[in-house]
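Asks: File target23.cif below, mmCIF, C-alpha atoms:
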```
data_coords
loop_
_atom_site.label_atom_id
_atom_site.label_comp_id
_atom_site.auth_asym_id
_atom_site.auth_seq_id
_atom_site.Cartn_x
_atom_site.Cartn_y
_atom_site.Cartn_z
CA MET J 1 0.00 0.00 0.00
CA ARG J 2 1.39 3.31 -0.97
CA TRP J 3 1.51 6.16 1.55
CA ARG J 4 -0.59 9.21 0.71
CA PRO J 5 -0.31 12.57 2.35
CA PRO J 6 -3.31 13.59 4.43
CA SER J 7 -5.53 15.87 2.44
CA GLN J 8 -5.85 18.47 5.27
CA ALA J 9 -2.16 18.57 6.18
CA PRO J 10 -1.08 22.12 7.03
CA THR J 11 1.23 23.60 4.44
CA SER J 12 2.81 26.20 6.71
CA LEU J 13 3.26 27.17 10.36
CA PRO J 14 1.03 29.85 11.83
CA HIS J 15 2.78 33.15 11.16
CA ASP J 16 2.90 34.24 14.79
CA SER J 17 4.08 30.94 16.23
CA VAL J 18 7.49 32.41 17.06
CA THR J 19 6.12 35.34 18.99
CA GLY J 20 4.39 33.52 21.82
CA SER J 21 1.41 35.29 23.28
CA GLN J 22 2.70 38.76 22.32
CA GLY J 23 2.18 40.35 18.99
CA ALA J 24 -0.96 38.59 17.78
CA SER J 25 -1.88 39.54 14.26
CA GLY J 26 -4.77 39.46 11.90
CA ASP J 27 -4.82 37.52 8.67
CA SER J 28 -2.35 39.86 7.01
CA GLY J 29 0.88 38.21 8.27
CA VAL J 30 1.95 41.42 10.02
CA LEU J 31 2.34 41.25 13.81
CA ALA J 32 0.76 43.73 16.16
CA PRO J 33 3.30 45.90 18.03
CA PRO J 34 4.50 43.97 21.11
CA MET J 35 3.08 45.70 24.17
CA ASN J 36 6.15 44.96 26.31
CA ARG J 37 8.41 46.82 23.87
CA MET J 38 6.11 49.85 23.95
CA VAL J 39 6.32 49.83 27.74
CA ILE J 40 10.12 49.57 27.58
CA THR J 41 10.32 52.55 25.21
CA ILE J 42 8.27 54.75 27.54
CA LEU J 43 10.15 53.63 30.67
CA SER J 44 13.50 54.16 28.93
CA LEU J 45 12.43 57.67 27.95
CA ILE J 46 11.57 58.48 31.58
CA GLY J 47 14.87 56.96 32.73
CA LEU J 48 16.70 58.95 30.07
CA PHE J 49 15.39 62.25 31.45
CA VAL J 50 16.24 61.26 35.04
CA ALA J 51 19.82 60.43 34.01
CA LEU J 52 20.02 63.51 31.76
CA TYR J 53 19.08 65.80 34.65
CA LEU J 54 21.79 64.29 36.84
CA TRP J 55 24.35 64.49 34.05
CA ALA J 56 23.49 68.14 33.38
CA HIS J 57 23.96 68.74 37.10
CA ASN J 58 27.33 66.95 37.07
CA LEU J 59 28.40 69.15 34.15
CA GLY J 60 27.44 72.22 36.15
CA LEU J 61 24.71 73.18 33.69
CA THR J 62 21.84 73.26 36.16
CA GLY J 63 21.11 75.21 39.26
CA PRO J 64 21.10 73.49 42.64
CA ILE J 65 19.99 69.86 42.53
CA VAL J 66 16.34 69.58 43.52
CA CYS J 67 16.20 66.86 46.14
CA GLY J 68 12.97 66.51 48.09
CA ILE J 69 13.78 63.11 49.59
CA GLY J 70 17.20 61.85 50.66
CA ASP J 71 20.56 63.54 50.38
CA CYS J 72 21.38 63.92 46.70
CA ALA J 73 24.22 66.36 47.45
CA THR J 74 26.20 63.79 49.42
CA VAL J 75 25.70 61.09 46.80
CA GLN J 76 26.47 63.36 43.85
CA SER J 77 29.59 64.78 45.44
CA SER J 78 30.90 61.36 46.52
CA GLN J 79 33.75 59.62 44.72
CA TYR J 80 31.27 57.01 43.50
CA ALA J 81 29.40 59.53 41.31
CA THR J 82 32.03 58.92 38.62
CA ILE J 83 33.86 55.86 37.38
CA GLY J 84 37.23 57.15 36.27
CA PRO J 85 36.50 60.32 34.35
CA VAL J 86 32.98 59.21 33.34
CA PRO J 87 29.99 60.30 35.44
CA VAL J 88 27.65 57.42 36.33
CA SER J 89 24.78 59.61 35.12
CA ALA J 90 26.33 59.75 31.63
CA MET J 91 26.41 55.96 31.56
CA GLY J 92 22.72 56.04 32.47
CA VAL J 93 21.95 58.44 29.62
CA PHE J 94 23.62 56.22 27.01
CA GLY J 95 22.20 53.03 28.54
CA TYR J 96 18.64 54.33 28.45
CA LEU J 97 19.17 55.74 24.95
CA ALA J 98 20.30 52.32 23.74
CA LEU J 99 17.31 50.56 25.35
CA MET J 100 14.93 53.16 23.96
CA GLY J 101 16.41 52.87 20.48
CA LEU J 102 16.21 49.07 20.52
CA SER J 103 12.66 48.91 21.84
CA PHE J 104 11.51 51.65 19.46
CA ALA J 105 12.96 49.73 16.54
CA GLY J 106 11.36 46.59 17.94
CA ILE J 107 7.84 47.96 17.59
CA GLN J 108 8.28 48.90 13.95
CA PRO J 109 6.47 46.41 11.64
CA ARG J 110 9.65 44.99 10.13
CA HIS J 111 11.23 44.13 13.49
CA ARG J 112 8.27 43.14 15.63
CA ALA J 113 9.24 39.46 15.58
CA SER J 114 12.98 40.10 15.78
CA PRO J 115 14.60 37.85 18.39
CA VAL J 116 17.89 39.75 18.00
CA ILE J 117 16.36 42.99 19.26
CA GLY J 118 14.67 41.07 22.07
CA GLY J 119 17.94 39.41 23.05
CA LEU J 120 19.84 42.70 23.07
CA MET J 121 17.16 44.36 25.21
CA LEU J 122 17.17 41.44 27.63
CA ALA J 123 20.96 41.54 27.97
CA GLY J 124 21.03 45.34 28.29
CA ALA J 125 18.30 45.43 30.91
CA ALA J 126 19.92 42.60 32.90
CA GLY J 127 23.24 44.48 32.87
CA GLY J 128 21.44 47.66 33.92
CA VAL J 129 19.74 45.93 36.85
CA LEU J 130 23.05 44.51 38.08
CA PHE J 131 24.81 47.87 37.79
CA SER J 132 21.91 49.59 39.50
CA ALA J 133 21.96 47.03 42.31
CA TYR J 134 25.65 47.79 42.84
CA LEU J 135 24.94 51.55 43.00
CA THR J 136 22.07 50.98 45.44
CA TYR J 137 24.41 48.90 47.61
CA LEU J 138 26.92 51.79 47.59
CA GLU J 139 24.24 54.24 48.69
CA ALA J 140 23.04 51.98 51.48
CA ALA J 141 26.29 50.54 52.81
CA VAL J 142 29.14 52.85 51.78
CA ILE J 143 27.89 56.42 51.24
CA HIS J 144 25.07 56.09 53.79
CA ALA J 145 22.91 58.53 51.84
CA TRP J 146 20.12 58.18 49.30
CA CYS J 147 19.59 60.09 46.10
CA GLN J 148 15.97 60.07 44.96
CA TYR J 149 17.00 60.12 41.29
CA CYS J 150 19.25 57.08 41.72
CA VAL J 151 16.44 55.22 43.48
CA ALA J 152 14.02 56.25 40.72
CA SER J 153 16.46 55.00 38.10
CA ALA J 154 16.86 51.69 39.96
CA VAL J 155 13.08 51.23 39.98
CA ILE J 156 12.82 52.12 36.28
CA ILE J 157 15.55 49.71 35.15
CA THR J 158 13.99 46.94 37.27
CA LEU J 159 10.61 47.53 35.60
CA ILE J 160 12.32 47.54 32.20
CA PHE J 161 13.97 44.23 33.01
CA LEU J 162 10.60 42.74 34.01
CA ALA J 163 9.14 44.05 30.75
CA THR J 164 11.88 42.30 28.77
CA LEU J 165 10.99 38.86 30.18
CA PRO J 166 8.47 38.07 27.38
CA GLU J 167 11.46 38.29 25.06
CA VAL J 168 12.65 34.99 26.56
CA ALA J 169 9.61 33.30 25.02
CA ARG J 170 10.34 34.96 21.68
CA LEU J 171 13.94 33.78 21.80
CA ARG J 172 12.84 30.22 22.63
CA GLY J 173 10.24 30.34 19.86
CA SER J 174 12.80 31.46 17.33
CA ARG J 175 15.06 28.51 18.19
CA SER J 176 12.36 25.82 17.95
CA MET R 1 2.63 41.14 -1.45
CA SER R 2 3.96 44.53 -2.51
CA ARG R 3 5.83 46.76 -0.06
CA ALA R 4 3.12 49.41 -0.17
CA GLU R 5 0.57 46.78 0.71
CA GLU R 6 2.74 45.51 3.55
CA ARG R 7 3.04 49.00 4.93
CA ARG R 8 -0.72 49.54 4.68
CA GLN R 9 -1.36 46.30 6.53
CA ALA R 10 1.21 47.19 9.16
CA ARG R 11 -0.63 50.45 9.76
CA GLU R 12 -3.87 48.59 10.16
CA VAL R 13 -2.51 45.93 12.54
CA GLY R 14 -2.15 47.58 15.90
CA GLY R 15 -2.53 51.00 14.32
CA SER R 16 -4.68 52.30 17.16
CA ASP R 17 -2.16 51.01 19.74
CA MET R 18 0.65 52.77 17.90
CA LYS R 19 -1.30 56.03 17.84
CA LYS R 20 -1.83 55.89 21.58
CA PHE R 21 1.83 54.95 22.03
CA TYR R 22 3.07 57.92 20.01
CA LEU R 23 0.79 60.27 21.95
CA LEU R 24 2.11 58.98 25.27
CA PHE R 25 5.71 59.08 24.01
CA GLY R 26 5.25 62.69 22.89
CA ALA R 27 3.68 63.70 26.20
CA VAL R 28 6.47 62.12 28.28
CA ALA R 29 9.13 63.67 26.01
CA ALA R 30 7.52 67.11 26.31
CA VAL R 31 7.34 66.94 30.12
CA GLY R 32 10.91 65.62 30.41
CA LEU R 33 12.34 68.24 28.05
CA SER R 34 10.51 71.01 29.91
CA VAL R 35 11.78 69.93 33.34
CA VAL R 36 15.40 69.39 32.26
CA GLY R 37 15.34 72.51 30.04
CA TYR R 38 13.97 74.66 32.87
CA ASN R 39 16.68 73.48 35.26
CA VAL R 40 19.44 74.03 32.72
CA SER R 41 18.21 77.51 31.80
CA SER R 42 17.75 78.53 35.44
CA GLY R 43 21.24 77.25 36.21
CA VAL R 44 22.93 78.97 33.30
CA PHE R 45 20.97 82.21 33.57
CA GLY R 46 20.52 82.24 37.34
CA GLY R 47 21.70 85.81 37.83
CA ALA R 48 24.66 84.87 40.02
CA VAL R 49 27.44 87.47 39.79
CA SER R 50 30.66 85.60 39.11
CA THR R 51 33.08 88.39 38.19
CA PRO R 52 34.32 91.50 40.00
CA ILE R 53 32.01 94.49 39.92
CA ASP R 54 32.59 98.24 39.74
CA VAL R 55 32.70 99.63 43.25
CA GLU R 56 33.02 103.38 43.62
CA GLY R 57 35.75 104.80 45.82
CA LEU R 58 38.07 101.81 45.97
CA ASP R 59 40.97 104.08 44.93
CA ASP R 60 40.58 105.85 48.25
CA PRO R 61 42.51 103.81 50.85
CA GLU R 62 40.15 104.77 53.65
CA ALA R 63 37.07 103.72 51.70
CA LEU R 64 38.85 100.54 50.64
CA VAL R 65 39.79 99.60 54.18
CA ALA R 66 36.22 100.33 55.27
CA LEU R 67 34.75 97.99 52.67
CA ALA R 68 37.40 95.26 52.49
CA ARG R 69 36.84 92.66 55.16
CA GLY R 70 38.58 89.43 56.04
CA VAL R 71 37.07 86.59 58.03
CA ALA R 72 38.86 85.91 61.30
CA LYS R 73 39.40 82.64 63.08
CA GLY R 74 40.20 82.90 66.77
CA ASP R 75 40.15 85.81 69.16
CA LYS R 76 42.17 89.00 68.82
CA ALA R 77 45.82 88.24 69.54
CA PRO R 78 49.23 89.97 69.43
CA ILE R 79 49.94 88.40 66.04
CA THR R 80 47.68 88.33 63.00
CA ILE R 81 48.36 85.79 60.24
CA VAL R 82 46.64 86.89 57.05
CA GLU R 83 46.04 84.73 54.01
CA PHE R 84 45.07 86.16 50.63
CA GLY R 85 43.57 83.10 48.98
CA ASP R 86 41.77 81.86 45.89
CA TYR R 87 39.40 78.91 46.24
CA GLN R 88 40.25 77.61 42.78
CA CYS R 89 44.03 77.68 43.26
CA PRO R 90 45.51 74.23 43.99
CA GLY R 91 48.23 75.73 46.21
CA CYS R 92 45.54 77.37 48.35
CA ALA R 93 43.71 74.05 48.64
CA ALA R 94 46.92 72.38 49.79
CA PHE R 95 47.51 75.21 52.26
CA GLY R 96 43.91 75.13 53.49
CA MET R 97 43.88 71.38 53.95
CA SER R 98 47.30 70.81 55.47
CA VAL R 99 48.91 74.02 56.79
CA LYS R 100 45.89 75.95 58.10
CA PRO R 101 45.00 73.20 60.62
CA LEU R 102 48.58 73.37 61.92
CA ILE R 103 48.40 77.18 62.21
CA GLU R 104 45.17 76.81 64.17
CA GLN R 105 46.70 74.22 66.44
CA THR R 106 50.02 76.02 66.97
CA PHE R 107 49.05 79.68 67.07
CA VAL R 108 45.29 80.24 67.15
CA GLU R 109 44.25 77.74 69.81
CA THR R 110 47.15 78.85 72.02
CA GLY R 111 46.01 82.46 71.79
CA GLN R 112 49.23 83.62 70.13
CA ALA R 113 47.70 84.61 66.82
CA GLN R 114 44.48 85.25 64.98
CA PHE R 115 44.11 83.85 61.44
CA VAL R 116 42.33 86.05 58.88
CA PHE R 117 41.31 85.03 55.36
CA TYR R 118 40.93 87.61 52.58
CA ASP R 119 39.56 86.73 49.13
CA PHE R 120 41.94 87.14 46.25
CA PRO R 121 40.35 85.27 43.31
CA LEU R 122 42.68 85.21 40.32
CA VAL R 123 39.79 85.74 37.93
CA GLY R 124 41.98 85.76 34.83
CA MET R 125 42.97 82.13 35.20
CA HIS R 126 40.28 80.80 37.57
CA PRO R 127 36.82 81.53 36.17
CA ASN R 128 34.96 79.95 39.12
CA ALA R 129 37.04 81.57 41.86
CA PHE R 130 34.99 84.76 42.26
CA LEU R 131 31.71 82.86 42.56
CA ALA R 132 33.36 80.50 45.05
CA ALA R 133 34.48 83.48 47.14
CA ARG R 134 30.92 84.84 47.07
CA ALA R 135 29.57 81.40 47.99
CA ALA R 136 31.83 81.32 51.06
CA ARG R 137 30.58 84.79 52.02
CA CYS R 138 27.00 83.55 51.64
CA ALA R 139 27.97 80.76 54.03
CA GLU R 140 29.33 83.37 56.43
CA ASP R 141 25.84 84.92 56.52
CA GLN R 142 24.68 81.66 58.12
CA GLY R 143 27.69 81.36 60.43
CA LYS R 144 29.23 78.53 58.40
CA PHE R 145 32.12 80.30 56.69
CA TRP R 146 34.94 78.05 57.87
CA ASP R 147 33.01 74.80 57.32
CA TYR R 148 32.17 75.95 53.81
CA HIS R 149 35.69 77.27 53.19
CA ASP R 150 37.09 73.81 54.02
CA GLU R 151 34.39 72.07 51.95
CA LEU R 152 35.28 74.19 48.89
CA PHE R 153 38.93 73.25 49.15
CA ARG R 154 38.14 69.58 49.84
CA ASN R 155 36.05 69.39 46.65
CA GLN R 156 38.12 71.77 44.53
CA ALA R 157 38.98 69.18 41.87
CA ARG R 158 35.29 68.43 41.45
CA TRP R 159 33.83 71.92 40.94
CA SER R 160 36.86 73.64 39.46
CA PRO R 161 36.39 72.35 35.87
CA LEU R 162 32.62 72.95 35.81
CA GLN R 163 31.16 75.47 33.42
CA ASN R 164 28.72 76.58 36.11
CA PRO R 165 29.56 75.38 39.62
CA GLY R 166 26.43 76.94 41.19
CA GLY R 167 24.73 73.56 41.61
CA ALA R 168 27.80 72.04 43.23
CA PHE R 169 28.12 75.04 45.57
CA ARG R 170 24.52 74.52 46.65
CA ASP R 171 25.29 70.83 47.25
CA TYR R 172 28.10 71.80 49.61
CA SER R 173 25.77 74.15 51.47
CA ASP R 174 23.60 71.10 52.17
CA THR R 175 26.64 69.12 53.25
CA VAL R 176 27.64 71.68 55.88
CA GLY R 177 24.05 72.00 57.10
CA MET R 178 23.00 75.39 55.76
CA ASP R 179 19.56 76.63 54.74
CA GLY R 180 19.69 75.80 51.03
CA LYS R 181 17.01 78.26 49.93
CA GLU R 182 18.64 81.17 51.69
CA PHE R 183 22.04 80.18 50.32
CA SER R 184 20.70 79.89 46.75
CA SER R 185 19.01 83.24 46.98
CA CYS R 186 22.32 84.78 48.13
CA LEU R 187 24.37 83.00 45.47
CA ASN R 188 21.96 83.88 42.64
CA SER R 189 22.43 87.58 43.25
CA ASP R 190 25.26 90.09 43.49
CA ARG R 191 25.48 89.89 47.29
CA HIS R 192 29.05 90.20 48.66
CA ALA R 193 30.45 90.93 45.20
CA ASP R 194 31.48 94.37 46.54
CA VAL R 195 33.39 92.92 49.52
CA VAL R 196 35.18 90.32 47.39
CA THR R 197 36.08 93.00 44.82
CA ALA R 198 37.35 95.27 47.63
CA ASN R 199 39.42 92.44 49.10
CA MET R 200 41.03 91.91 45.69
CA GLN R 201 41.84 95.61 45.45
CA LEU R 202 43.26 95.61 48.99
CA GLY R 203 45.48 92.65 48.10
CA ARG R 204 46.76 94.42 44.99
CA MET R 205 47.52 97.54 47.05
CA MET R 206 49.52 95.38 49.45
CA GLY R 207 51.53 93.90 46.61
CA VAL R 208 49.78 90.54 46.45
CA SER R 209 50.06 88.98 43.00
CA GLN R 210 49.81 85.26 43.67
CA THR R 211 48.01 82.92 46.01
CA PRO R 212 48.30 81.86 48.70
CA THR R 213 50.11 84.92 50.02
CA ILE R 214 50.69 84.91 53.76
CA LEU R 215 51.27 88.13 55.68
CA VAL R 216 52.16 88.38 59.33
CA ASN R 217 51.18 91.45 61.32
CA MET R 218 52.80 92.06 64.67
CA GLY R 219 53.21 95.22 66.71
CA GLY R 220 51.92 97.43 63.92
CA SER R 221 54.26 96.15 61.23
CA THR R 222 53.48 93.67 58.48
CA ARG R 223 55.80 91.23 56.74
CA ARG R 224 55.21 88.81 53.95
CA ALA R 225 56.13 85.19 54.72
CA PRO R 226 58.62 83.77 52.17
CA GLY R 227 56.35 80.78 51.57
CA SER R 228 53.17 79.17 52.79
CA ARG R 229 54.65 76.35 54.86
CA LEU R 230 54.37 76.38 58.64
CA ILE R 231 58.15 76.86 58.97
CA ASP R 232 58.01 79.92 56.69
CA ILE R 233 55.36 81.48 58.90
CA GLN R 234 57.17 80.49 62.09
CA ALA R 235 60.43 81.98 60.72
CA THR R 236 58.65 85.24 59.84
CA ILE R 237 57.15 85.48 63.33
CA ASP R 238 60.53 84.74 64.93
CA ALA R 239 62.27 87.35 62.77
CA MET R 240 59.64 89.98 63.59
CA ALA R 241 59.82 89.15 67.30
CA ALA R 242 63.60 89.48 67.22
CA ALA R 243 63.34 92.83 65.47
CA GLU R 244 60.85 94.25 67.95
CA PRO R 245 62.20 96.97 70.28
CA GLY R 246 63.13 95.47 73.60
CA SER R 247 63.87 92.03 72.30
CA ASN R 248 67.30 90.49 72.75
#
```
Kindly return the structure encoded in the file as structure tokens.
Replies:
Amino acid sequence: MRWRPPSQAPTSLPHDSVTGSQGASGDSGVLAPPMNRMVITILSLIGLFVALYLWAHNLGLTGPIVCGIGDCATVQSSQYATIGPVPVSAMGVFGYLALMGLSFAGIQPRHRASPVIGGLMLAGAAGGVLFSAYLTYLEAAVIHAWCQYCVASAVIITLIFLATLPEVARLRGSRS
Amino acid sequence: MSRAEERRQAREVGGSDMKKFYLLFGAVAAVGLSVVGYNVSSGVFGGAVSTPIDVEGLDDPEALVALARGVAKGDKAPITIVEFGDYQCPGCAAFGMSVKPLIEQTFVETGQAQFVFYDFPLVGMHPNAFLAARAARCAEDQGKFWDYHDELFRNQARWSPLQNPGGAFRDYSDTVGMDGKEFSSCLNSDRHADVVTANMQLGRMMGVSQTPTILVNMGGSTRRAPGSRLIDIQATIDAMAAAEPGSN
């Protein structure tokens, strides 16, 4: 007896099978913008302005630092406010810019299913969380003073990291 | 599928989400730019006088002496050790951090001498020095001159290269426990610019051209110490004491 292919065999995979639960689409084959990447873009923009304000202050471009809670002056004038010649705030500006750029690109139609962008965001956010944890440790255990902007940035990067977790599913989907 | 068709479909899929996203993105960007922009503009154009001003009558020695004013540490004593200093000069920072404490310990606390600091910002080479001198005078208004003076020297490397050190100066006012609002209002004005300018003129009249310059006053006569080390000052005091009438 000769084998015959089943008449209703699927001829292709569903187009959004690599995107997990995010980015459902219609019948067109184009994915909807992943919600988590939109969230990351907005959070990165907020983080960017927080870091930009601190950097402008470090450069002497602002007036007195506005610090309602904590002791920003002590933190900002400590030796830990810079790593070598580079202010920590400047690192924050470029870090948030990179995350914002990646996530913004990742919601454009051509890149909505891109696992590369997802992987880069995941790695960047994980690095940011670790660096932020180190800075928070310095505030708590070494400088013994808190800067509200540094705490805000730590919260923002943690939220960004949580928002990158759906990218794990995308990465797994792209490998299978 | 053509590219135009792809683009049309992309607009349709999640188009309403993208519209909301762009609106939110624009709103956050506008708020962020406004806040940062306001702080930068208020810092750069804060109205703080950071260069010497025209003060009438400074050519008249009597008027100059009436307006020029040093800040004294310790009670009146037979000897007065005077420093003409610039907060942005590295030599003054070294003197302030290492020699001044020894002077206090050796001469001021023993009642032998009073230490007096006069501003002499070298504005030609140190663009932040005049504002720093005014900041210290604003600290004096709150009884924190010497704490602030030391804080400025301790952090000199940090604020010295800044384009506008006003924010850093305010930070130090917090560090030494001053009323920040009062300090900012003083710094963002022309307060004490006349005294600092008069002190500069007084220094020039006394032949000061570099900082730190240390003068020793004893028994009505004044001598310039050959250097700013403790032994230079001690040698000057010893020489003046030996030259005094009645000494052996």
Asks: Which is closest to chain J among R:Leu162, R:Met240, R:Leu230, R:Ala66, if we use all atoms listed in the file?
Replies: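 So, comparing all the options, the nearest one is R:Leu162.
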Asks: May I have the residues within 7 Å of R:Thr175 as a list in words, using only C-alpha atoms and disregarding those fewer than 3 positions away in the same chain?
Replies: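 Contacts, in chain order: Ala73 and Thr74 of chain J; Asp171 and Tyr172 of chain R.
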Asks: Tell me as a short mmCIF file (atom, residue, chain, number, x, y, z; two decimals) with C-alpha atoms, keeping the file's coordinate frame which residues belonging to chain J come within 9 Å of chain R, counting only C-alpha atoms.
Replies:
```cif
data_model
loop_
_atom_site.label_atom_id
_atom_site.label_comp_id
_atom_site.auth_asym_id
_atom_site.auth_seq_id
_atom_site.Cartn_x
_atom_site.Cartn_y
_atom_site.Cartn_z
CA GLY J 23 2.18 40.35 18.99
CA SER J 25 -1.88 39.54 14.26
CA GLY J 26 -4.77 39.46 11.90
CA SER J 28 -2.35 39.86 7.01
CA GLY J 29 0.88 38.21 8.27
CA VAL J 30 1.95 41.42 10.02
CA LEU J 31 2.34 41.25 13.81
CA ALA J 32 0.76 43.73 16.16
CA PRO J 33 3.30 45.90 18.03
CA MET J 35 3.08 45.70 24.17
CA MET J 38 6.11 49.85 23.95
CA VAL J 39 6.32 49.83 27.74
CA THR J 41 10.32 52.55 25.21
CA ILE J 42 8.27 54.75 27.54
CA LEU J 45 12.43 57.67 27.95
CA ILE J 46 11.57 58.48 31.58
CA LEU J 48 16.70 58.95 30.07
CA PHE J 49 15.39 62.25 31.45
CA VAL J 50 16.24 61.26 35.04
CA LEU J 52 20.02 63.51 31.76
CA TYR J 53 19.08 65.80 34.65
CA ALA J 56 23.49 68.14 33.38
CA HIS J 57 23.96 68.74 37.10
CA ASN J 58 27.33 66.95 37.07
CA LEU J 59 28.40 69.15 34.15
CA GLY J 60 27.44 72.22 36.15
CA LEU J 61 24.71 73.18 33.69
CA THR J 62 21.84 73.26 36.16
CA GLY J 63 21.11 75.21 39.26
CA PRO J 64 21.10 73.49 42.64
CA ILE J 65 19.99 69.86 42.53
CA ASP J 71 20.56 63.54 50.38
CA CYS J 72 21.38 63.92 46.70
CA ALA J 73 24.22 66.36 47.45
CA THR J 74 26.20 63.79 49.42
CA GLN J 76 26.47 63.36 43.85
CA SER J 77 29.59 64.78 45.44
CA ILE J 107 7.84 47.96 17.59
CA GLN J 108 8.28 48.90 13.95
CA PRO J 109 6.47 46.41 11.64
CA ARG J 110 9.65 44.99 10.13
#
```
Asks: Give me, as a list of chain:residue names, all polymer residues having an atom no more than 6 Å from stretch 90-96 of chain R, counting all atoms listed in the file and skipping those fewer than 3 positions away in the same chain.
Replies: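 What passes the distance filter is R:Val99, R:Lys100, R:Phe153, R:Pro212.
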Asks: Which residues, written as a list in words, have at least one atom at most 9 Å from stretch 224-227 of chain R, with all atoms listed in the file counted and residues fewer than 5 positions away on the same chain left out?
Replies: Pro212, Thr213, Ile214, Leu215, Val216, Asn217, Asp232, Ile233, Gln234, Ala235, Thr236 and Ile237 of chain R
Asks: Would you pick out the contacts of J:Gly70 at 9 Å or less, using all atoms listed in the file, so that residues sharing its chain but fewer than 5 positions from it are not included, and give the list as a PyMOL selection string?
Replies: chain J and resi 145-148
Asks: Could you write out as a list in words the residues that the PyMOL selection byres ((chain J and resi 141-143) around 10) matches in the shown file?
Replies: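 What the PyMOL selection byres ((chain J and resi 141-143) around 10) grabs from the file is Thr74, Val75, Ser78, Gln79, Tyr80, Leu135, Thr136, Tyr137, Leu138, Glu139, Ala140, His144, Ala145 and Trp146 of chain J.
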Asks: Residue by residue, what does the PyMOL selection byres ((chain R and resi 65) around 12) grab here? Present the result as a list in words.
Replies: Gly57, Leu58, Asp59, Asp60, Pro61, Glu62, Ala63, Leu64, Ala66, Leu67, Ala68, Arg69, Gly70, Val195, Ala198, Asn199, Met200, Gln201, Leu202, Gly203, Met205 and Met206 of chain R
Asks: Which value, in Å to one decimal, gives the distance between atom CA of R:Ala72 and atom CA of R:Ile103?
Replies: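 Those two atoms sit 13.0 Å apart.
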Asks: Let me know the residues the PyMOL selection byres ((chain J and resi 116) around 10) catches in the file above, as a CSV table (one decimal) with C-alpha atoms, in the coordinates of the input.
Replies:
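expr23.csv was written with the following content:
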```csv
chain,number,residue,atom,x,y,z
J,102,LEU,CA,16.2,49.1,20.5
J,106,GLY,CA,11.4,46.6,17.9
J,111,HIS,CA,11.2,44.1,13.5
J,113,ALA,CA,9.2,39.5,15.6
J,114,SER,CA,13.0,40.1,15.8
J,115,PRO,CA,14.6,37.8,18.4
J,117,ILE,CA,16.4,43.0,19.3
J,118,GLY,CA,14.7,41.1,22.1
J,119,GLY,CA,17.9,39.4,23.0
J,120,LEU,CA,19.8,42.7,23.1
J,121,MET,CA,17.2,44.4,25.2
J,122,LEU,CA,17.2,41.4,27.6
J,167,GLU,CA,11.5,38.3,25.1
J,170,ARG,CA,10.3,35.0,21.7
J,171,LEU,CA,13.9,33.8,21.8
J,174,SER,CA,12.8,31.5,17.3
```
Asks: Could you state the separation of atom CA of J:Ile40 and atom CA of J:Val86 in Å, given to one decimal place?
Replies: 25.5 Å
Asks: Quick one: pull the distance between atom CA of J:Ser44 and atom CA of J:Phe94, Å, one decimal.
Replies: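 Atom CA of J:Phe94 lies 10.5 Å from atom CA of J:Ser44.
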Asks: Which protein, DNA or RNA residues have an atom at most 12 Å from (27.4, 76.0, 61.2), counting only C-alpha atoms? List them as a PDB file with C-alpha atoms, in the frame of the given file.
Replies:
```
ATOM      1  CA  ALA R 139      27.970  80.760  54.030  1.00  0.00           C
ATOM      2  CA  GLU R 140      29.330  83.370  56.430  1.00  0.00           C
ATOM      3  CA  ASP R 141      25.840  84.920  56.520  1.00  0.00           C
ATOM      4  CA  GLN R 142      24.680  81.660  58.120  1.00  0.00           C
ATOM      5  CA  GLY R 143      27.690  81.360  60.430  1.00  0.00           C
ATOM      6  CA  LYS R 144      29.230  78.530  58.400  1.00  0.00           C
ATOM      7  CA  PHE R 145      32.120  80.300  56.690  1.00  0.00           C
ATOM      8  CA  TRP R 146      34.940  78.050  57.870  1.00  0.00           C
ATOM      9  CA  ASP R 147      33.010  74.800  57.320  1.00  0.00           C
ATOM     10  CA  TYR R 148      32.170  75.950  53.810  1.00  0.00           C
ATOM     11  CA  HIS R 149      35.690  77.270  53.190  1.00  0.00           C
ATOM     12  CA  SER R 173      25.770  74.150  51.470  1.00  0.00           C
ATOM     13  CA  ASP R 174      23.600  71.100  52.170  1.00  0.00           C
ATOM     14  CA  THR R 175      26.640  69.120  53.250  1.00  0.00           C
ATOM     15  CA  VAL R 176      27.640  71.680  55.880  1.00  0.00           C
ATOM     16  CA  GLY R 177      24.050  72.000  57.100  1.00  0.00           C
ATOM     17  CA  MET R 178      23.000  75.390  55.760  1.00  0.00           C
ATOM     18  CA  ASP R 179      19.560  76.630  54.740  1.00  0.00           C
TER      19      ASP R 179
END
```
Asks: From the list R:Ala129, R:Val49, R:Val82, R:Val208, which residue is nearest R:Phe117 when using only C-alpha atoms?
Replies: R:Val82
Asks: Give me stretch 121-132 of chain J from this structure - C-alpha atoms, as a PDB file, in the first residue's frame.
Replies:
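And here's decode.pdb as it stands now:
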```
ATOM      1  CA  MET J 121      17.163  44.361  25.210  1.00  0.00           C
ATOM      2  CA  LEU J 122      17.170  41.437  27.626  1.00  0.00           C
ATOM      3  CA  ALA J 123      20.960  41.543  27.975  1.00  0.00           C
ATOM      4  CA  GLY J 124      21.031  45.336  28.290  1.00  0.00           C
ATOM      5  CA  ALA J 125      18.303  45.428  30.913  1.00  0.00           C
ATOM      6  CA  ALA J 126      19.921  42.600  32.905  1.00  0.00           C
ATOM      7  CA  GLY J 127      23.243  44.484  32.873  1.00  0.00           C
ATOM      8  CA  GLY J 128      21.445  47.659  33.916  1.00  0.00           C
ATOM      9  CA  VAL J 129      19.740  45.929  36.848  1.00  0.00           C
ATOM     10  CA  LEU J 130      23.053  44.508  38.079  1.00  0.00           C
ATOM     11  CA  PHE J 131      24.808  47.873  37.791  1.00  0.00           C
ATOM     12  CA  SER J 132      21.905  49.593  39.501  1.00  0.00           C
TER      13      SER J 132
END
```
